[in-house]
>>> print(open('input.cif').read())   # mmCIF, C-alpha atoms
data_start
loop_
_atom_site.group_PDB
_atom_site.id
_atom_site.type_symbol
_atom_site.label_atom_id
_atom_site.label_comp_id
_atom_site.auth_asym_id
_atom_site.auth_seq_id
_atom_site.Cartn_x
_atom_site.Cartn_y
_atom_site.Cartn_z
ATOM 1 C CA MET A 1 31.053 -15.887 -5.906
ATOM 2 C CA SER A 2 30.868 -16.196 -9.675
ATOM 3 C CA ASP A 3 33.592 -17.151 -12.107
ATOM 4 C CA GLN A 4 33.751 -13.606 -13.461
ATOM 5 C CA GLY A 5 37.135 -11.996 -13.694
ATOM 6 C CA GLU A 6 37.825 -8.734 -11.963
ATOM 7 C CA ASP A 7 37.414 -6.851 -15.259
ATOM 8 C CA GLU A 8 33.801 -8.019 -15.506
ATOM 9 C CA VAL A 9 32.785 -6.927 -12.004
ATOM 10 C CA THR A 10 30.705 -3.751 -12.050
ATOM 11 C CA GLU A 11 31.854 -1.069 -9.700
ATOM 12 C CA THR A 12 29.400 0.584 -7.334
ATOM 13 C CA ARG A 13 28.064 3.854 -8.694
ATOM 14 C CA TRP A 14 28.186 5.940 -5.511
ATOM 15 C CA LEU A 15 25.859 8.899 -5.175
ATOM 16 C CA THR A 16 27.131 12.415 -5.677
ATOM 17 C CA ALA A 17 26.594 14.926 -2.890
ATOM 18 C CA ASP A 18 23.566 16.383 -4.717
ATOM 19 C CA GLN A 19 22.108 12.924 -5.381
ATOM 20 C CA LEU A 20 22.615 11.912 -1.764
ATOM 21 C CA ALA A 21 20.978 15.122 -0.544
ATOM 22 C CA ALA A 22 17.973 14.518 -2.843
ATOM 23 C CA TRP A 23 17.690 10.895 -1.706
ATOM 24 C CA ARG A 24 17.910 11.791 1.991
ATOM 25 C CA GLY A 25 15.383 14.575 1.539
ATOM 26 C CA PHE A 26 12.962 12.178 -0.132
ATOM 27 C CA VAL A 27 13.431 9.511 2.559
ATOM 28 C CA ASN A 28 12.824 12.144 5.239
ATOM 29 C CA LEU A 29 9.598 13.165 3.451
ATOM 30 C CA ALA A 30 8.534 9.531 2.936
ATOM 31 C CA LEU A 31 8.886 8.891 6.673
ATOM 32 C CA LYS A 32 7.475 12.112 8.100
ATOM 33 C CA LEU A 33 4.483 12.811 5.847
ATOM 34 C CA PRO A 34 2.687 9.483 6.451
ATOM 35 C CA ALA A 35 3.404 9.810 10.189
ATOM 36 C CA ALA A 36 1.853 13.295 10.267
ATOM 37 C CA LEU A 37 -1.187 12.130 8.283
ATOM 38 C CA GLU A 38 -1.498 9.083 10.550
ATOM 39 C CA TRP A 39 -1.470 11.297 13.644
ATOM 40 C CA GLN A 40 -4.326 13.448 12.316
ATOM 41 C CA LEU A 41 -6.419 10.439 11.263
ATOM 42 C CA GLN A 42 -5.918 8.664 14.587
ATOM 43 C CA ARG A 43 -6.724 11.805 16.544
ATOM 44 C CA ASP A 44 -9.819 12.813 14.599
ATOM 45 C CA SER A 45 -11.200 9.538 13.208
ATOM 46 C CA GLN A 46 -9.592 6.629 15.069
ATOM 47 C CA LEU A 47 -8.342 5.292 11.726
ATOM 48 C CA SER A 48 -4.783 4.508 10.742
ATOM 49 C CA PHE A 49 -3.391 5.889 7.496
ATOM 50 C CA ILE A 50 -3.500 2.445 5.820
ATOM 51 C CA GLU A 51 -7.049 1.811 7.085
ATOM 52 C CA TYR A 52 -8.179 5.117 5.583
ATOM 53 C CA TYR A 53 -6.390 4.317 2.333
ATOM 54 C CA VAL A 54 -8.016 0.864 2.092
ATOM 55 C CA LEU A 55 -11.462 2.307 2.842
ATOM 56 C CA ALA A 56 -10.921 4.965 0.168
ATOM 57 C CA LEU A 57 -9.874 2.276 -2.344
ATOM 58 C CA LEU A 58 -13.030 0.287 -1.571
ATOM 59 C CA SER A 59 -15.233 3.391 -1.818
ATOM 60 C CA ASP A 60 -14.053 3.941 -5.404
ATOM 61 C CA GLN A 61 -15.049 0.426 -6.553
ATOM 62 C CA PRO A 62 -18.405 -0.639 -7.993
ATOM 63 C CA GLY A 63 -20.493 -1.951 -5.110
ATOM 64 C CA ARG A 64 -17.728 -0.733 -2.776
ATOM 65 C CA ARG A 65 -16.199 -4.220 -3.014
ATOM 66 C CA MET A 66 -12.911 -5.678 -4.141
ATOM 67 C CA ARG A 67 -11.168 -9.029 -4.055
ATOM 68 C CA MET A 68 -8.880 -9.196 -1.051
ATOM 69 C CA SER A 69 -5.918 -10.168 -3.233
ATOM 70 C CA ASP A 70 -6.507 -7.175 -5.533
ATOM 71 C CA LEU A 71 -6.984 -4.875 -2.562
ATOM 72 C CA ALA A 72 -3.707 -6.089 -1.041
ATOM 73 C CA ALA A 73 -1.899 -5.381 -4.315
ATOM 74 C CA ALA A 74 -3.481 -1.920 -4.623
ATOM 75 C CA ALA A 75 -2.485 -1.102 -1.032
ATOM 76 C CA SER A 76 1.035 -2.548 -1.469
ATOM 77 C CA SER A 77 0.320 -4.885 1.418
ATOM 78 C CA GLU A 78 0.829 -8.560 2.011
ATOM 79 C CA LEU A 79 -2.423 -10.458 1.820
ATOM 80 C CA SER A 80 -2.044 -11.881 5.331
ATOM 81 C CA ARG A 81 -1.384 -8.419 6.791
ATOM 82 C CA LEU A 82 -4.375 -6.969 4.958
ATOM 83 C CA SER A 83 -6.533 -9.865 6.162
ATOM 84 C CA HIS A 84 -5.654 -9.089 9.792
ATOM 85 C CA MET A 85 -6.487 -5.423 9.268
ATOM 86 C CA VAL A 86 -9.799 -6.273 7.582
ATOM 87 C CA SER A 87 -10.622 -8.559 10.531
ATOM 88 C CA ARG A 88 -10.162 -5.594 12.873
ATOM 89 C CA LEU A 89 -12.314 -3.401 10.617
ATOM 90 C CA GLU A 90 -14.986 -6.127 10.501
ATOM 91 C CA LYS A 91 -15.178 -6.137 14.301
ATOM 92 C CA ARG A 92 -15.852 -2.394 14.116
ATOM 93 C CA GLY A 93 -18.581 -2.868 11.473
ATOM 94 C CA ILE A 94 -16.650 -0.874 8.868
ATOM 95 C CA VAL A 95 -15.940 -3.688 6.409
ATOM 96 C CA ARG A 96 -17.360 -7.155 5.842
ATOM 97 C CA ARG A 97 -16.128 -10.131 3.841
ATOM 98 C CA GLU A 98 -18.004 -12.532 1.654
ATOM 99 C CA PRO A 99 -17.131 -15.041 -1.064
ATOM 100 C CA ASP A 100 -16.637 -13.663 -4.559
ATOM 101 C CA PRO A 101 -19.939 -14.434 -6.326
ATOM 102 C CA SER A 102 -18.129 -15.179 -9.607
ATOM 103 C CA ASP A 103 -15.442 -17.417 -8.062
ATOM 104 C CA GLY A 104 -15.875 -18.745 -4.538
ATOM 105 C CA ARG A 105 -12.144 -19.383 -4.185
ATOM 106 C CA TYR A 106 -11.735 -15.660 -3.619
ATOM 107 C CA THR A 107 -13.058 -13.352 -0.940
ATOM 108 C CA HIS A 108 -14.355 -9.822 -1.359
ATOM 109 C CA ALA A 109 -13.832 -7.032 1.141
ATOM 110 C CA ILE A 110 -16.909 -4.821 1.162
ATOM 111 C CA LEU A 111 -17.159 -1.332 2.612
ATOM 112 C CA THR A 112 -20.321 -1.283 4.739
ATOM 113 C CA ASP A 113 -22.710 1.662 4.915
ATOM 114 C CA ALA A 114 -21.327 2.385 8.388
ATOM 115 C CA GLY A 115 -17.809 2.220 6.953
ATOM 116 C CA TYR A 116 -18.719 4.585 4.132
ATOM 117 C CA THR A 117 -20.174 7.011 6.687
ATOM 118 C CA ARG A 118 -16.998 6.726 8.773
ATOM 119 C CA LEU A 119 -14.839 7.399 5.698
ATOM 120 C CA SER A 120 -17.038 10.359 4.684
ATOM 121 C CA GLU A 121 -16.673 11.845 8.159
ATOM 122 C CA ALA A 122 -12.889 11.326 8.159
ATOM 123 C CA ALA A 123 -12.320 12.698 4.643
ATOM 124 C CA PRO A 124 -12.588 16.462 5.299
ATOM 125 C CA GLY A 125 -9.981 16.405 8.070
ATOM 126 C CA HIS A 126 -7.667 14.154 6.069
ATOM 127 C CA VAL A 127 -7.970 16.276 2.928
ATOM 128 C CA GLY A 128 -7.320 19.361 5.053
ATOM 129 C CA SER A 129 -4.089 17.797 6.329
ATOM 130 C CA VAL A 130 -3.026 16.708 2.836
ATOM 131 C CA ARG A 131 -3.667 20.229 1.625
ATOM 132 C CA GLU A 132 -1.849 21.891 4.543
ATOM 133 C CA LEU A 133 1.189 19.586 4.606
ATOM 134 C CA PHE A 134 1.590 18.778 0.916
ATOM 135 C CA ILE A 135 -0.542 20.526 -1.719
ATOM 136 C CA ASP A 136 -0.421 24.117 -0.469
ATOM 137 C CA VAL A 137 3.349 23.957 0.125
ATOM 138 C CA LEU A 138 4.022 23.428 -3.592
ATOM 139 C CA GLY A 139 3.206 25.516 -6.625
ATOM 140 C CA PRO A 140 1.339 24.124 -9.651
ATOM 141 C CA GLU A 141 4.542 23.452 -11.620
ATOM 142 C CA GLU A 142 6.149 21.739 -8.631
ATOM 143 C CA LEU A 143 3.075 19.528 -8.223
ATOM 144 C CA GLN A 144 3.193 18.582 -11.900
ATOM 145 C CA THR A 145 6.895 17.807 -11.661
ATOM 146 C CA LEU A 146 6.375 15.747 -8.517
ATOM 147 C CA HIS A 147 3.528 13.865 -10.210
ATOM 148 C CA ARG A 148 5.708 13.077 -13.234
ATOM 149 C CA CYS A 149 8.625 12.046 -11.019
ATOM 150 C CA SER A 150 6.407 9.841 -8.840
ATOM 151 C CA ASP A 151 4.909 8.121 -11.894
ATOM 152 C CA LYS A 152 8.368 7.566 -13.321
ATOM 153 C CA ILE A 153 9.721 6.007 -10.110
ATOM 154 C CA VAL A 154 6.617 3.850 -9.547
ATOM 155 C CA GLY A 155 6.854 2.706 -13.175
ATOM 156 C CA ARG A 156 10.444 1.652 -12.597
ATOM 157 C CA ILE A 157 9.508 -0.175 -9.397
ATOM 158 C CA GLN A 158 6.656 -2.000 -11.123
ATOM 159 C CA GLY A 159 8.887 -2.846 -14.058
ATOM 160 C CA VAL A 160 11.532 -4.522 -11.916
ATOM 161 C CA LYS A 161 11.152 -8.289 -12.060
ATOM 162 C CA LYS A 162 10.458 -9.824 -8.666
ATOM 163 C CA PRO A 163 12.166 -13.107 -7.769
ATOM 164 C CA ALA A 164 9.886 -16.107 -8.221
ATOM 165 C CA GLY A 165 7.911 -16.927 -5.096
ATOM 166 C CA THR A 166 7.826 -13.418 -3.664
ATOM 167 C CA THR A 167 4.999 -10.964 -3.208
ATOM 168 C CA GLY A 168 5.103 -7.367 -4.339
ATOM 169 C CA VAL A 169 6.889 -6.398 -1.141
ATOM 170 C CA GLY A 170 9.535 -9.088 -1.416
ATOM 171 C CA ARG A 171 8.483 -11.618 1.223
ATOM 172 C CA ARG A 172 8.392 -15.316 0.472
ATOM 173 C CA ARG A 173 5.037 -16.953 -0.063
ATOM 174 C CA ALA A 174 6.308 -20.482 0.474
ATOM 175 C CA PRO A 175 4.256 -21.141 3.661
ATOM 176 C CA GLU A 176 1.028 -20.468 1.742
ATOM 177 C CA ARG A 177 2.114 -22.766 -1.087
ATOM 178 C CA ALA A 178 3.203 -25.475 1.330
ATOM 179 C CA ARG A 179 -0.152 -25.307 3.100
ATOM 180 C CA ARG A 180 -1.957 -25.747 -0.221
ATOM 181 C CA ALA A 181 0.350 -28.591 -1.241
ATOM 182 C CA ARG A 182 -0.594 -30.409 1.967
ATOM 183 C CA GLY A 183 -4.260 -29.880 1.094
ATOM 184 C CA ARG A 184 -4.876 -27.389 3.886
ATOM 185 C CA PRO A 185 -6.951 -24.336 3.094
ATOM 186 C CA ASP A 186 -5.291 -20.964 3.044
ATOM 187 C CA PRO A 187 -6.426 -19.104 6.181
ATOM 188 C CA VAL A 188 -7.126 -15.993 4.096
ATOM 189 C CA ALA A 189 -8.207 -17.909 0.959
ATOM 190 C CA ASP A 190 -7.593 -15.071 -1.419
ATOM 191 C CA ASP A 191 -4.734 -15.816 -3.766
#
>>> encode(input="input.cif", output="C-alpha cells")
Amino acid sequence: MSDQGEDEVTETRWLTADQLAAWRGFVNLALKLPAALEWQLQRDSQLSFIEYYVLALLSDQPGRRMRMSDLAAAASSELSRLSHMVSRLEKRGIVRREPDPSDGRYTHAILTDAGYTRLSEAAPGHVGSVRELFIDVLGPEELQTLHRCSDKIVGRIQGVKKPAGTTGVGRRRAPERARRARGRPDPVADD
C-alpha cells in the first residue's frame, strides 16, 4: 500500500442504475453477436469468426499480404495465437507464409488464391447475417451514433498506456524476450 493518507485515496465511482444497464446491455451484445456470426460462418463456410476477419484484413492489403506482427495488431490478437491460426489455415491452403522481402526478420501472411475464393464464397452469407442481426435492426441515425460511440471508446482504449512488456491484450511478452536474450530464435519470428 502507498504512503497516501486517507484523504488522498480516490473513492470508487460506482455505476448508476442507467449506466449499469447500458454496460450490461453492451456486454450482452458483445458476447452474443460474435457467437451468432461465428455459428453462421462455421455452418456455411467452415471458418471461425476470427479466421474470416483475418482473411478479410489480408484481402484488403496490396498483394493480399501483411506482416504477421501487423496482422496480429489489426486483429487484436497475440502474435503466437495468430501464428497457430495461420498454421491451421496454411494446412488448408488458405494462407501461406514467407519472409518479408524488405526485411527477412519478419514474416508475411499471404492470402492464397484458394483462400481468396473461400473468402469470396463466405462473404455473402456473412454479410447477410451482419445485415440481419445488426444493420437492419438499427436506423440510420442509430448506426451513426453507434459508429461515433464505437470510435470514441476504441480511441480511449488505444490511448490508454499499456504497462511496459505487455502486448495490446495485456499479456506479458517476457518469454519471447528471454528466448531472444539466450540467442534462440523466436518460433514465430515476427516481432
>>> resolve_selection(input="input.cif", expression="the PyMOL selection byres ((chain A and resi 125) around 12)", output="number ranges by chain")
A: 37-45, 47, 52, 118-124, 126-132
>>> write_last_selection(input="input.cif", atoms="C-alpha atoms", output="mmCIF file, in the coordinates of the input")
data_model
loop_
_atom_site.group_PDB
_atom_site.id
_atom_site.type_symbol
_atom_site.label_atom_id
_atom_site.label_comp_id
_atom_site.auth_asym_id
_atom_site.auth_seq_id
_atom_site.Cartn_x
_atom_site.Cartn_y
_atom_site.Cartn_z
ATOM 1 C CA LEU A 37 -1.187 12.130 8.283
ATOM 2 C CA GLU A 38 -1.498 9.083 10.550
ATOM 3 C CA TRP A 39 -1.470 11.297 13.644
ATOM 4 C CA GLN A 40 -4.326 13.448 12.316
ATOM 5 C CA LEU A 41 -6.419 10.439 11.263
ATOM 6 C CA GLN A 42 -5.918 8.664 14.587
ATOM 7 C CA ARG A 43 -6.724 11.805 16.544
ATOM 8 C CA ASP A 44 -9.819 12.813 14.599
ATOM 9 C CA SER A 45 -11.200 9.538 13.208
ATOM 10 C CA LEU A 47 -8.342 5.292 11.726
ATOM 11 C CA TYR A 52 -8.179 5.117 5.583
ATOM 12 C CA ARG A 118 -16.998 6.726 8.773
ATOM 13 C CA LEU A 119 -14.839 7.399 5.698
ATOM 14 C CA SER A 120 -17.038 10.359 4.684
ATOM 15 C CA GLU A 121 -16.673 11.845 8.159
ATOM 16 C CA ALA A 122 -12.889 11.326 8.159
ATOM 17 C CA ALA A 123 -12.320 12.698 4.643
ATOM 18 C CA PRO A 124 -12.588 16.462 5.299
ATOM 19 C CA HIS A 126 -7.667 14.154 6.069
ATOM 20 C CA VAL A 127 -7.970 16.276 2.928
ATOM 21 C CA GLY A 128 -7.320 19.361 5.053
ATOM 22 C CA SER A 129 -4.089 17.797 6.329
ATOM 23 C CA VAL A 130 -3.026 16.708 2.836
ATOM 24 C CA ARG A 131 -3.667 20.229 1.625
ATOM 25 C CA GLU A 132 -1.849 21.891 4.543
#
>>> residues_around(input="input.cif", residues="A:His108", least_positions_apart="2", cutoff="9 Å", atoms="all atoms listed in the file", output="list of chain:residue names")
A:Arg65, A:Met66, A:Arg67, A:Met68, A:Ser69, A:Leu71, A:Arg96, A:Arg97, A:Glu98, A:Pro99, A:Asp100, A:Pro101, A:Tyr106, A:Ile110, A:Asp190
>>> atom_distance(input="input.cif", atom1="atom CA of A:Ile50", atom2="atom CA of A:Ala75")
7.8 Å
>>> closest_residue(input="input.cif", among="A:Gly104, A:Gly115, A:Gly139, A:Gly155", to="A:Lys91", atoms="only C-alpha atoms")
A:Gly115
>>> atom_distance(input="input.cif", atom1="atom CA of A:Ser83", atom2="atom CA of A:Ala109")
9.3 Å
>>> closest_residue(input="input.cif", among="A:Ile157, A:Leu143, A:Val86, A:Leu133", to="A:Leu29", atoms="only C-alpha atoms")
A:Leu133
>>> atom_distance(input="input.cif", atom1="atom CA of A:Arg13", atom2="atom CA of A:His147")
26.5 Å
>>> resolve_selection(input="input.cif", expression="the PyMOL selection byres ((chain A and resi 54) around 10)", output="list in words")
Ser48, Phe49, Ile50, Glu51, Tyr52, Tyr53, Leu55, Ala56, Leu57, Leu58, Ser59, Leu71, Ala72, Ala74, Ala75, Leu82, Met85, Val86, Ala109 and Leu111 of chain A
>>> axis_aligned_box(input="input.cif", around="stretch 90-97 of chain A", padding_each_side="6 Å", output="JSON")
{"center_x": -16.8, "center_y": -5.5, "center_z": 9.1, "size_x": 15.6, "size_y": 21.3, "size_z": 22.5}
